[in-house]
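Undergrad: Sharing upload.cif, mmCIF, C-alpha atoms:
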```cif
data_model
#
loop_
_atom_site.label_atom_id
_atom_site.label_comp_id
_atom_site.auth_asym_id
_atom_site.auth_seq_id
_atom_site.Cartn_x
_atom_site.Cartn_y
_atom_site.Cartn_z
CA MET S 1 -44.01 11.88 25.88
CA ALA S 2 -40.70 11.63 27.62
CA THR S 3 -40.59 12.67 31.23
CA GLN S 4 -37.62 14.18 33.00
CA THR S 5 -36.80 10.73 34.37
CA ASN S 6 -36.89 9.22 30.92
CA ASN S 7 -34.60 11.93 29.59
CA LYS S 8 -32.26 11.51 32.55
CA TYR S 9 -31.97 7.73 32.37
CA ARG S 10 -31.29 5.59 29.33
CA LEU S 11 -31.31 1.80 29.34
CA THR S 12 -27.70 1.92 28.19
CA SER S 13 -26.73 3.77 31.35
CA MET S 14 -24.12 2.03 33.52
CA GLU S 15 -26.09 2.71 36.70
CA GLU S 16 -29.09 0.67 37.80
CA PRO S 17 -32.41 2.50 37.60
CA THR S 18 -34.40 3.11 40.76
CA ASP S 19 -37.89 1.68 41.12
CA GLU S 20 -39.24 5.17 40.57
CA MET S 21 -37.25 5.53 37.35
CA LEU S 22 -38.51 2.17 36.08
CA GLN S 23 -42.07 3.12 36.96
CA ALA S 24 -41.74 6.42 35.10
CA LEU S 25 -40.22 4.66 32.08
CA MET S 26 -43.05 2.11 32.05
CA GLU S 27 -45.66 4.86 32.30
CA ASP S 28 -44.05 6.68 29.36
CA VAL S 29 -44.09 3.51 27.26
CA ALA S 30 -47.69 2.76 28.23
CA GLN S 31 -48.78 6.29 27.32
CA ALA S 32 -46.99 6.09 23.97
CA ALA S 33 -48.65 2.73 23.29
CA ARG S 34 -52.11 4.15 24.10
CA ILE S 35 -51.56 7.09 21.77
CA SER S 36 -50.26 4.86 18.98
CA SER S 37 -53.18 2.47 19.41
CA ALA S 38 -55.71 5.31 19.31
CA LYS S 39 -54.14 6.71 16.13
CA ALA S 40 -54.17 3.27 14.49
CA GLU S 41 -57.82 2.74 15.46
CA ALA S 42 -58.79 6.15 14.06
CA GLU S 43 -56.97 5.39 10.79
CA LYS S 44 -58.66 1.99 10.56
CA ARG S 45 -62.08 3.56 11.03
CA ARG S 46 -61.29 6.23 8.43
CA ARG S 47 -60.23 3.63 5.88
CA LEU S 48 -63.25 1.41 6.55
CA SER S 49 -65.53 4.40 6.12
CA GLU S 50 -63.81 5.30 2.86
CA VAL S 51 -64.23 1.74 1.53
CA ALA S 52 -67.87 1.63 2.61
CA HIS S 53 -68.48 4.92 0.80
CA THR S 54 -66.76 3.61 -2.36
CA ILE S 55 -68.84 0.43 -2.29
CA ALA S 56 -72.07 2.37 -1.79
CA THR S 57 -71.20 4.70 -4.66
CA ARG S 58 -70.44 1.81 -7.02
CA ARG S 59 -73.62 -0.03 -6.07
CA SER S 60 -75.63 3.13 -6.64
CA GLY S 61 -74.00 3.54 -10.06
CA ARG S 62 -74.86 -0.05 -11.01
CA LYS S 63 -78.52 0.41 -10.01
CA HIS S 64 -78.76 3.53 -12.19
CA ALA S 65 -77.14 1.69 -15.12
CA LEU S 66 -79.57 -1.23 -14.79
CA ASN S 67 -82.57 1.09 -14.65
CA ASP S 68 -81.58 3.04 -17.78
#
```
Rewrite the structure from the file as structure tokens, please.
TA:
Amino acid sequence: MATQTNNKYRLTSMEEPTDEMLQALMEDVAQAARISSAKAEAEKRRRLSEVAHTIATRRSGRKHALND
């Protein structure tokens, strides 16, 4: 989520950023980190759920095979 300030200023710029520009850049980075972290957490939960389901299915299949 790049703000106007972020689009206007690049770290390779020859001019020094203002405090406001630095603050806006830091806020953009923090927001991107929060979004990335939330996506990673959601993917981790999805994968754990998938593994738990696979384990439960295999255990259920073994119980049926032992009872036959």
Undergrad: Give me, please, the distance in Å between CA of Asp19 in chain S and CA of Ser37 in chain S, quoted to one decimal.
TA: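 Value for the CA of Asp19 in chain S-CA of Ser37 in chain S distance: 26.6 Å.
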Undergrad: One decimal, in Å: what's the spacing between CA of Ala40 in chain S and CA of Thr57 in chain S?
TA: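 Between CA of Ala40 in chain S and CA of Thr57 in chain S the gap is 25.7 Å.
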Undergrad: Provide the CA of Ser49 in chain S to CA of His64 in chain S distance in Å, to one decimal place.
TA: 22.6 Å
Undergrad: Atoms are missing here; could range 32-52 of chain S be completed with N, CA and C atoms and written as a PDB file, keeping the file's coordinate frame?
TA:
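What ended up in part_35.pdb:
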```pdb
ATOM      1  N   ALA S  32     -47.303   6.094  25.400  1.00  0.00           N
ATOM      2  CA  ALA S  32     -46.990   6.090  23.970  1.00  0.00           C
ATOM      3  C   ALA S  32     -47.762   4.987  23.253  1.00  0.00           C
ATOM      4  N   ALA S  33     -47.900   3.840  23.892  1.00  0.00           N
ATOM      5  CA  ALA S  33     -48.650   2.730  23.290  1.00  0.00           C
ATOM      6  C   ALA S  33     -50.127   3.087  23.163  1.00  0.00           C
ATOM      7  N   ARG S  34     -50.694   3.738  24.168  1.00  0.00           N
ATOM      8  CA  ARG S  34     -52.110   4.150  24.100  1.00  0.00           C
ATOM      9  C   ARG S  34     -52.329   5.138  22.969  1.00  0.00           C
ATOM     10  N   ILE S  35     -51.437   6.096  22.832  1.00  0.00           N
ATOM     11  CA  ILE S  35     -51.560   7.090  21.770  1.00  0.00           C
ATOM     12  C   ILE S  35     -51.434   6.428  20.402  1.00  0.00           C
ATOM     13  N   SER S  36     -50.460   5.559  20.251  1.00  0.00           N
ATOM     14  CA  SER S  36     -50.260   4.860  18.980  1.00  0.00           C
ATOM     15  C   SER S  36     -51.467   4.000  18.637  1.00  0.00           C
ATOM     16  N   SER S  37     -52.004   3.319  19.621  1.00  0.00           N
ATOM     17  CA  SER S  37     -53.180   2.470  19.410  1.00  0.00           C
ATOM     18  C   SER S  37     -54.392   3.304  18.999  1.00  0.00           C
ATOM     19  N   ALA S  38     -54.577   4.434  19.639  1.00  0.00           N
ATOM     20  CA  ALA S  38     -55.710   5.310  19.310  1.00  0.00           C
ATOM     21  C   ALA S  38     -55.575   5.850  17.878  1.00  0.00           C
ATOM     22  N   LYS S  39     -54.363   6.219  17.495  1.00  0.00           N
ATOM     23  CA  LYS S  39     -54.140   6.710  16.130  1.00  0.00           C
ATOM     24  C   LYS S  39     -54.405   5.605  15.112  1.00  0.00           C
ATOM     25  N   ALA S  40     -53.948   4.397  15.406  1.00  0.00           N
ATOM     26  CA  ALA S  40     -54.170   3.270  14.490  1.00  0.00           C
ATOM     27  C   ALA S  40     -55.655   2.964  14.369  1.00  0.00           C
ATOM     28  N   GLU S  41     -56.373   3.001  15.475  1.00  0.00           N
ATOM     29  CA  GLU S  41     -57.820   2.740  15.460  1.00  0.00           C
ATOM     30  C   GLU S  41     -58.552   3.812  14.644  1.00  0.00           C
ATOM     31  N   ALA S  42     -58.171   5.064  14.813  1.00  0.00           N
ATOM     32  CA  ALA S  42     -58.790   6.150  14.060  1.00  0.00           C
ATOM     33  C   ALA S  42     -58.525   5.984  12.559  1.00  0.00           C
ATOM     34  N   GLU S  43     -57.308   5.602  12.199  1.00  0.00           N
ATOM     35  CA  GLU S  43     -56.970   5.390  10.790  1.00  0.00           C
ATOM     36  C   GLU S  43     -57.750   4.208  10.224  1.00  0.00           C
ATOM     37  N   LYS S  44     -57.890   3.151  11.003  1.00  0.00           N
ATOM     38  CA  LYS S  44     -58.660   1.990  10.560  1.00  0.00           C
ATOM     39  C   LYS S  44     -60.104   2.374  10.296  1.00  0.00           C
ATOM     40  N   ARG S  45     -60.690   3.121  11.208  1.00  0.00           N
ATOM     41  CA  ARG S  45     -62.080   3.560  11.030  1.00  0.00           C
ATOM     42  C   ARG S  45     -62.224   4.459   9.800  1.00  0.00           C
ATOM     43  N   ARG S  46     -61.248   5.342   9.594  1.00  0.00           N
ATOM     44  CA  ARG S  46     -61.290   6.230   8.430  1.00  0.00           C
ATOM     45  C   ARG S  46     -61.246   5.421   7.140  1.00  0.00           C
ATOM     46  N   ARG S  47     -60.347   4.447   7.082  1.00  0.00           N
ATOM     47  CA  ARG S  47     -60.230   3.630   5.880  1.00  0.00           C
ATOM     48  C   ARG S  47     -61.469   2.779   5.640  1.00  0.00           C
ATOM     49  N   LEU S  48     -62.026   2.200   6.701  1.00  0.00           N
ATOM     50  CA  LEU S  48     -63.250   1.410   6.550  1.00  0.00           C
ATOM     51  C   LEU S  48     -64.396   2.275   6.049  1.00  0.00           C
ATOM     52  N   SER S  49     -64.492   3.480   6.563  1.00  0.00           N
ATOM     53  CA  SER S  49     -65.530   4.400   6.120  1.00  0.00           C
ATOM     54  C   SER S  49     -65.343   4.751   4.642  1.00  0.00           C
ATOM     55  N   GLU S  50     -64.110   4.973   4.251  1.00  0.00           N
ATOM     56  CA  GLU S  50     -63.810   5.300   2.860  1.00  0.00           C
ATOM     57  C   GLU S  50     -64.197   4.129   1.935  1.00  0.00           C
ATOM     58  N   VAL S  51     -63.878   2.913   2.337  1.00  0.00           N
ATOM     59  CA  VAL S  51     -64.230   1.740   1.530  1.00  0.00           C
ATOM     60  C   VAL S  51     -65.743   1.566   1.473  1.00  0.00           C
ATOM     61  N   ALA S  52     -66.415   1.752   2.598  1.00  0.00           N
ATOM     62  CA  ALA S  52     -67.870   1.630   2.610  1.00  0.00           C
ATOM     63  C   ALA S  52     -68.503   2.660   1.678  1.00  0.00           C
TER      64      ALA S  52
END
```
